[in-house]
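Visitor: Before anything else, here's the structure in question.
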Amino acid sequence: MRSISVVLLIFSANLFAGDYRSAIDELHFVKLADSYTDEKVIVTLGGYGANLPVQEKAAAAVLITLGALNVEDLADEKFAMSKVKSYVAVVSENHPSLMGRIGDVSLYHHIASAFDHSVLLNDSVFQEMLDEALVEGVLTGYDLRSKGVYDNFPAAHTFIYSHSSLLHMRQLIALLDSEGIEGWVYVTPKASAFLYRDDWGPASDTVITFPGGVRIVQGQEVAVLFQFDSGDDRERFHEVVTSFAKKDEKDELGLIEDSWWQPFYYTDQELEGFEPISLVVISSGNHEATLTVLENKTAKVVEELKDDRWDLRVDRVWVNPPFFRFLNGGYK
């Protein structure tokens with residue numbers, strides 16, 4: 001009998017290992033859970049979580065209300081607790097660039113605030129030096145953004161995607177939602193500069209001509225970090241962008257607004273079909289410059305940019321094929 005009791009105890013512990021109550025305690029929502037009537041809990045759970053203790057049911061109902069869980073998630077406790085753990089970690093961190101979750105109606109409004117570049121453009125610590133490196137052919141481009149803004153995110157669960165169009169980003173997020181891709185969205189402003197190529201056609205007002213005739217595009221963009229609930233959604237994200245946000249023809253139909261010939265996004269862990277490059281990060285004060293560099297050119301770039309005025313490190317990232325072609329001089 002004792003062995004049977006032990007087995008039952010272990011089974012019970014595994015069954016209720018979710019401990020949703022602890023999660024809402026960390027979020028400071030216990031009193032809200034205690035306010036839920038039995039009827040409200042039953043309606044909220046929609047028939048799921050029937051084996052949970054009473055307090056756990058109320059806690060799960062609160063997590064569903066908050067958007068941390070869907071009712072169907074309760075059918076898979078391991079997956080549900082993974083989502084809850086991620087939710088608590090993200091919300092508790094209060095990251096300055098966090099805009100919300102894919103699927104949040106308010107997200108489309110919030111991301112507009114990240115297109116304010118006024119503070120960023122006042123910092124010229126790196127810009128003269130980096131523009132000189134562009135003119136001399138040491139670099140093909142750079143970005144300037146807040147220091148450390150995307151450090152220490154879960155490995156293999158993120159993409160950092162760059163664009164200059166608010167409408168494009170709103171449509172991309174809606175597209176991801178329609179494809180059932182779930183995750184968090186972080187957006188930070190960035191200033192970009194890269195070499196302009198003659199085969200791109202007539203230059204716009206954002207193109208600056210430097211002495212010697214070298215032309216550089218100077219733009220205001222955002223760097224959007226997608227933190228997916230599942231690592232597999234990195235691959236699904238790539239499929240969605242390739243199908244609906246990458247231009248292959250001048251007037252191609254079926255694409256979302258302002259799609260680019262060479263979308264730019266990278267991840268911190270190897271992904272099939274992606275190419276490794278160096279992300280050279282130079283930081284000082286409140287900002288950092290990020291440089292996308294082919295690995296065989298990294299040593300030269302690092303040597304050219306070493307300076308006691310700033311810190312420099314090299315990260316290895318994996319970039320999408322079209323942007324890798326861009327780094328190698330390709331147009332499309």
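Simple scheme: letters A, B, ... for chains in structure tokens order, numbers from 1 for residues in each chain, numbers from 1 for ligands in the order shown.
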Can I get the residues of segment 29-140 of chain A within 10 Å of segment 165-184 of chain A, each with the closest pair of atoms and their distance in Å to one decimal, using only C-alpha atoms, sorted chain first then ascending number, as a tab-separated table?
Guide:
residue	atom	partner	partner_atom	distance
A:Lys83	CA	A:Gly183	CA	9.7
A:Ser86	CA	A:Gly183	CA	9.7
A:Tyr87	CA	A:Trp184	CA	9.1
A:Val90	CA	A:Trp184	CA	8.5
A:Leu98	CA	A:Trp184	CA	7.7
A:Met99	CA	A:Trp184	CA	7.8
A:Gly100	CA	A:Trp184	CA	5.8
A:Arg101	CA	A:Trp184	CA	4.3
A:Ile102	CA	A:Gly183	CA	5.7
A:Gly103	CA	A:Asp177	CA	5.6
A:Asp104	CA	A:Asp177	CA	9.2
A:Val105	CA	A:Ala174	CA	9.5
A:Leu107	CA	A:Arg170	CA	8.4
A:Tyr108	CA	A:Arg170	CA	5.6
A:His109	CA	A:Arg170	CA	8.7
A:Ile111	CA	A:Leu166	CA	7.8
A:Ala112	CA	A:Leu166	CA	6.7
A:Ser113	CA	A:Leu166	CA	10.0
A:Ala114	CA	A:Leu166	CA	9.3
A:Phe115	CA	A:Leu166	CA	7.6
Visitor: Restricting it to N, CA and C atoms, dump the selection as a PDB file, in the first residue's frame.
Guide:
ATOM      1  N   LYS A  83       4.320  28.519 -21.571  1.00  0.00           N
ATOM      2  CA  LYS A  83       3.789  29.824 -21.955  1.00  0.00           C
ATOM      3  C   LYS A  83       3.661  30.751 -20.746  1.00  0.00           C
ATOM      4  N   SER A  86       7.081  32.018 -19.669  1.00  0.00           N
ATOM      5  CA  SER A  86       7.533  33.054 -20.590  1.00  0.00           C
ATOM      6  C   SER A  86       6.788  34.362 -20.347  1.00  0.00           C
ATOM      7  N   TYR A  87       5.487  34.268 -20.150  1.00  0.00           N
ATOM      8  CA  TYR A  87       4.660  35.462 -19.917  1.00  0.00           C
ATOM      9  C   TYR A  87       5.122  36.204 -18.659  1.00  0.00           C
ATOM     10  N   VAL A  90       8.523  37.905 -19.198  1.00  0.00           N
ATOM     11  CA  VAL A  90       8.455  39.078 -20.066  1.00  0.00           C
ATOM     12  C   VAL A  90       7.796  40.250 -19.361  1.00  0.00           C
ATOM     13  N   LEU A  98       9.206  46.849 -25.206  1.00  0.00           N
ATOM     14  CA  LEU A  98       8.098  45.905 -25.345  1.00  0.00           C
ATOM     15  C   LEU A  98       6.829  46.634 -25.785  1.00  0.00           C
ATOM     16  N   MET A  99       6.223  46.158 -26.880  1.00  0.00           N
ATOM     17  CA  MET A  99       4.994  46.752 -27.400  1.00  0.00           C
ATOM     18  C   MET A  99       3.767  45.893 -27.112  1.00  0.00           C
ATOM     19  N   GLY A 100       3.942  44.579 -26.997  1.00  0.00           N
ATOM     20  CA  GLY A 100       2.814  43.691 -26.741  1.00  0.00           C
ATOM     21  C   GLY A 100       2.983  42.372 -27.458  1.00  0.00           C
ATOM     22  N   ARG A 101       1.895  41.607 -27.483  1.00  0.00           N
ATOM     23  CA  ARG A 101       1.913  40.289 -28.122  1.00  0.00           C
ATOM     24  C   ARG A 101       1.259  40.351 -29.494  1.00  0.00           C
ATOM     25  N   ILE A 102       1.739  39.502 -30.385  1.00  0.00           N
ATOM     26  CA  ILE A 102       1.069  39.329 -31.669  1.00  0.00           C
ATOM     27  C   ILE A 102      -0.381  38.956 -31.377  1.00  0.00           C
ATOM     28  N   GLY A 103      -1.294  39.678 -31.981  1.00  0.00           N
ATOM     29  CA  GLY A 103      -2.718  39.444 -31.733  1.00  0.00           C
ATOM     30  C   GLY A 103      -3.351  40.500 -30.861  1.00  0.00           C
ATOM     31  N   ASP A 104      -2.544  41.272 -30.106  1.00  0.00           N
ATOM     32  CA  ASP A 104      -3.082  42.368 -29.300  1.00  0.00           C
ATOM     33  C   ASP A 104      -3.582  43.479 -30.216  1.00  0.00           C
ATOM     34  N   VAL A 105      -4.820  43.880 -30.044  1.00  0.00           N
ATOM     35  CA  VAL A 105      -5.393  44.928 -30.891  1.00  0.00           C
ATOM     36  C   VAL A 105      -4.635  46.241 -30.719  1.00  0.00           C
ATOM     37  N   LEU A 107      -1.570  46.724 -30.199  1.00  0.00           N
ATOM     38  CA  LEU A 107      -0.195  46.683 -30.694  1.00  0.00           C
ATOM     39  C   LEU A 107      -0.015  47.555 -31.929  1.00  0.00           C
ATOM     40  N   TYR A 108      -0.998  47.571 -32.801  1.00  0.00           N
ATOM     41  CA  TYR A 108      -0.894  48.343 -34.043  1.00  0.00           C
ATOM     42  C   TYR A 108      -0.767  49.840 -33.761  1.00  0.00           C
ATOM     43  N   HIS A 109      -1.335  50.270 -32.644  1.00  0.00           N
ATOM     44  CA  HIS A 109      -1.221  51.674 -32.251  1.00  0.00           C
ATOM     45  C   HIS A 109       0.109  51.938 -31.553  1.00  0.00           C
ATOM     46  N   ILE A 111       3.101  50.616 -31.722  1.00  0.00           N
ATOM     47  CA  ILE A 111       4.381  50.591 -32.433  1.00  0.00           C
ATOM     48  C   ILE A 111       4.709  51.925 -33.104  1.00  0.00           C
ATOM     49  N   ALA A 112       3.716  52.776 -33.279  1.00  0.00           N
ATOM     50  CA  ALA A 112       3.983  54.085 -33.896  1.00  0.00           C
ATOM     51  C   ALA A 112       4.952  54.905 -33.061  1.00  0.00           C
ATOM     52  N   SER A 113       4.941  54.699 -31.743  1.00  0.00           N
ATOM     53  CA  SER A 113       5.818  55.481 -30.860  1.00  0.00           C
ATOM     54  C   SER A 113       7.288  55.197 -31.116  1.00  0.00           C
ATOM     55  N   ALA A 114       7.604  54.028 -31.656  1.00  0.00           N
ATOM     56  CA  ALA A 114       9.002  53.656 -31.910  1.00  0.00           C
ATOM     57  C   ALA A 114       9.571  54.338 -33.145  1.00  0.00           C
ATOM     58  N   PHE A 115       8.748  55.047 -33.883  1.00  0.00           N
ATOM     59  CA  PHE A 115       9.235  55.758 -35.057  1.00  0.00           C
ATOM     60  C   PHE A 115       9.641  57.193 -34.723  1.00  0.00           C
TER      61      PHE A 115
END
Visitor: Could you give me, as a PyMOL selection string, the residues within 8 Å of Tyr142 of chain A, counting only C-alpha atoms and dropping anything in the same chain fewer than 4 positions from it?
Guide: chain A and resi 130+192-194+289-292
Visitor: Identify, on the basis of only C-alpha atoms, every residue whose closest approach to Val293 of chain A does not exceed 9 Å; exclude the query and any residue fewer than 3 positions from it along the same chain; express the result as a PDB file with N, CA and C atoms, in the first residue's frame.
Guide:
ATOM      1  N   LEU A 139      33.084  49.397 -44.814  1.00  0.00           N
ATOM      2  CA  LEU A 139      31.759  48.905 -44.470  1.00  0.00           C
ATOM      3  C   LEU A 139      30.824  49.021 -45.669  1.00  0.00           C
ATOM      4  N   THR A 140      29.722  48.256 -45.617  1.00  0.00           N
ATOM      5  CA  THR A 140      28.636  48.451 -46.581  1.00  0.00           C
ATOM      6  C   THR A 140      27.452  49.144 -45.914  1.00  0.00           C
ATOM      7  N   GLY A 141      27.432  49.159 -44.560  1.00  0.00           N
ATOM      8  CA  GLY A 141      26.338  49.819 -43.868  1.00  0.00           C
ATOM      9  C   GLY A 141      26.448  49.667 -42.369  1.00  0.00           C
ATOM     10  N   ILE A 277      27.041  35.375 -40.472  1.00  0.00           N
ATOM     11  CA  ILE A 277      27.826  36.589 -40.692  1.00  0.00           C
ATOM     12  C   ILE A 277      28.267  37.109 -39.326  1.00  0.00           C
ATOM     13  N   SER A 278      29.062  38.154 -39.339  1.00  0.00           N
ATOM     14  CA  SER A 278      29.471  38.801 -38.087  1.00  0.00           C
ATOM     15  C   SER A 278      28.606  40.030 -37.846  1.00  0.00           C
ATOM     16  N   LEU A 279      28.157  40.188 -36.615  1.00  0.00           N
ATOM     17  CA  LEU A 279      27.506  41.416 -36.186  1.00  0.00           C
ATOM     18  C   LEU A 279      28.499  42.119 -35.265  1.00  0.00           C
ATOM     19  N   VAL A 280      29.147  43.139 -35.807  1.00  0.00           N
ATOM     20  CA  VAL A 280      30.120  43.905 -35.024  1.00  0.00           C
ATOM     21  C   VAL A 280      29.362  44.977 -34.260  1.00  0.00           C
ATOM     22  N   ASN A 296      34.587  36.714 -43.640  1.00  0.00           N
ATOM     23  CA  ASN A 296      35.960  36.801 -44.153  1.00  0.00           C
ATOM     24  C   ASN A 296      36.490  38.234 -44.180  1.00  0.00           C
ATOM     25  N   LYS A 297      35.632  39.206 -43.874  1.00  0.00           N
ATOM     26  CA  LYS A 297      36.063  40.605 -43.833  1.00  0.00           C
ATOM     27  C   LYS A 297      36.067  41.165 -42.416  1.00  0.00           C
ATOM     28  N   THR A 298      35.691  40.334 -41.439  1.00  0.00           N
ATOM     29  CA  THR A 298      35.513  40.818 -40.075  1.00  0.00           C
ATOM     30  C   THR A 298      36.808  41.323 -39.458  1.00  0.00           C
ATOM     31  N   VAL A 301      37.657  44.810 -40.597  1.00  0.00           N
ATOM     32  CA  VAL A 301      36.743  45.820 -40.048  1.00  0.00           C
ATOM     33  C   VAL A 301      37.070  46.104 -38.587  1.00  0.00           C
ATOM     34  N   LEU A 327      24.894  41.662 -48.992  1.00  0.00           N
ATOM     35  CA  LEU A 327      26.237  41.858 -48.441  1.00  0.00           C
ATOM     36  C   LEU A 327      27.327  41.465 -49.454  1.00  0.00           C
TER      37      LEU A 327
END
Visitor: Residues of segment 57-101 of chain A in alpha helix (DSSP H) according to DSSP, as a list in words?
Guide: Lys57, Ala58, Ala59, Ala60, Ala61, Val62, Leu63, Ile64, Thr65, Leu66, Glu77, Lys78, Phe79, Ala80, Met81, Ser82, Lys83, Val84, Lys85, Ser86, Tyr87, Val88, Ala89, Val90, Val91, Ser92 and Glu93 of chain A
Visitor: Quick check, in Å to one decimal: how far apart do atom CA of Leu120 of chain A and atom CA of Asn328 of chain A lie?
Guide: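 Distance between the two atoms: 28.9 Å.
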Visitor: Take atom CA of Lys190 of chain A and atom CA of Phe226 of chain A and report the distance between them in Å, one decimal.
Guide: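 Going from atom CA of Lys190 of chain A over to atom CA of Phe226 of chain A covers 16.0 Å.
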Visitor: Could you list, as a list in words, every residue within 8 Å of Leu45 of chain A, counting only C-alpha atoms and ignoring same-chain residues fewer than 6 positions away?
Guide: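 Selected residues are Lys57, Ala60, Ala61 and Val71 of chain A.
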Visitor: Just want the 12 Å neighbourhood of Gly285 of chain A, counted on only C-alpha atoms, with same-chain residues fewer than 4 positions away dropped. Output as an mmCIF file with C-alpha atoms, in the first residue's frame.
Guide:
data_model
loop_
_atom_site.group_PDB
_atom_site.id
_atom_site.type_symbol
_atom_site.label_atom_id
_atom_site.label_comp_id
_atom_site.auth_asym_id
_atom_site.auth_seq_id
_atom_site.Cartn_x
_atom_site.Cartn_y
_atom_site.Cartn_z
ATOM 1 C CA LEU A 120 18.725 58.889 -31.342
ATOM 2 C CA ASP A 123 23.996 61.261 -30.737
ATOM 3 C CA SER A 124 26.794 61.652 -33.304
ATOM 4 C CA VAL A 125 29.518 59.774 -31.396
ATOM 5 C CA PHE A 126 29.880 57.116 -34.091
ATOM 6 C CA ARG A 145 20.208 52.135 -31.796
ATOM 7 C CA SER A 146 19.897 52.130 -27.981
ATOM 8 C CA LYS A 147 22.739 50.359 -26.185
ATOM 9 C CA GLY A 148 22.074 46.730 -25.231
ATOM 10 C CA ALA A 289 26.302 50.853 -33.668
ATOM 11 C CA ARG A 309 36.623 55.708 -27.058
ATOM 12 C CA TRP A 310 34.207 52.761 -27.308
ATOM 13 C CA ASP A 311 33.755 49.053 -26.620
#
Visitor: Calculated over only C-alpha atoms, which of the candidates A:Asp143, A:Asp248, A:Glu136, A:Glu275 has the smallest distance to Gly213 of chain A?
Guide: A:Glu136
Visitor: Env of Gly137 of chain A: 10 Å cut, atoms = only C-alpha atoms, seq-sep filter 4 positions within chain, self excluded. Answer as a PyMOL selection string.
Guide: chain A and resi 131-133+141+195+214
Visitor: Go ahead and write the residues just picked, C-alpha atoms, as a compact mmCIF listing (two decimals), in the first residue's frame.
Guide:
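Full text of out.txt as output:
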# COMPACT_ATOMS: atom_id res chain seq x y z
CA ASP A 131 30.41 57.39 -42.53
CA GLU A 132 34.13 57.69 -43.25
CA ALA A 133 34.44 53.90 -43.12
CA GLY A 141 26.34 49.82 -43.87
CA LEU A 195 26.06 52.42 -49.66
CA VAL A 214 30.29 58.00 -52.95
Visitor: Distance atom CA of Thr44 of chain A-atom CA of Val62 of chain A, one decimal place?
Guide: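 Taking atom CA of Thr44 of chain A as the start and atom CA of Val62 of chain A as the end point, the length is 8.6 Å.
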Visitor: Under the rule that only C-alpha atoms are counted, which of A:Tyr150, A:Tyr186, A:Phe237, A:Tyr36 is the nearest residue to His110 of chain A?
Guide: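 Counting only C-alpha atoms, the residue closest to His110 of chain A is A:Tyr186.
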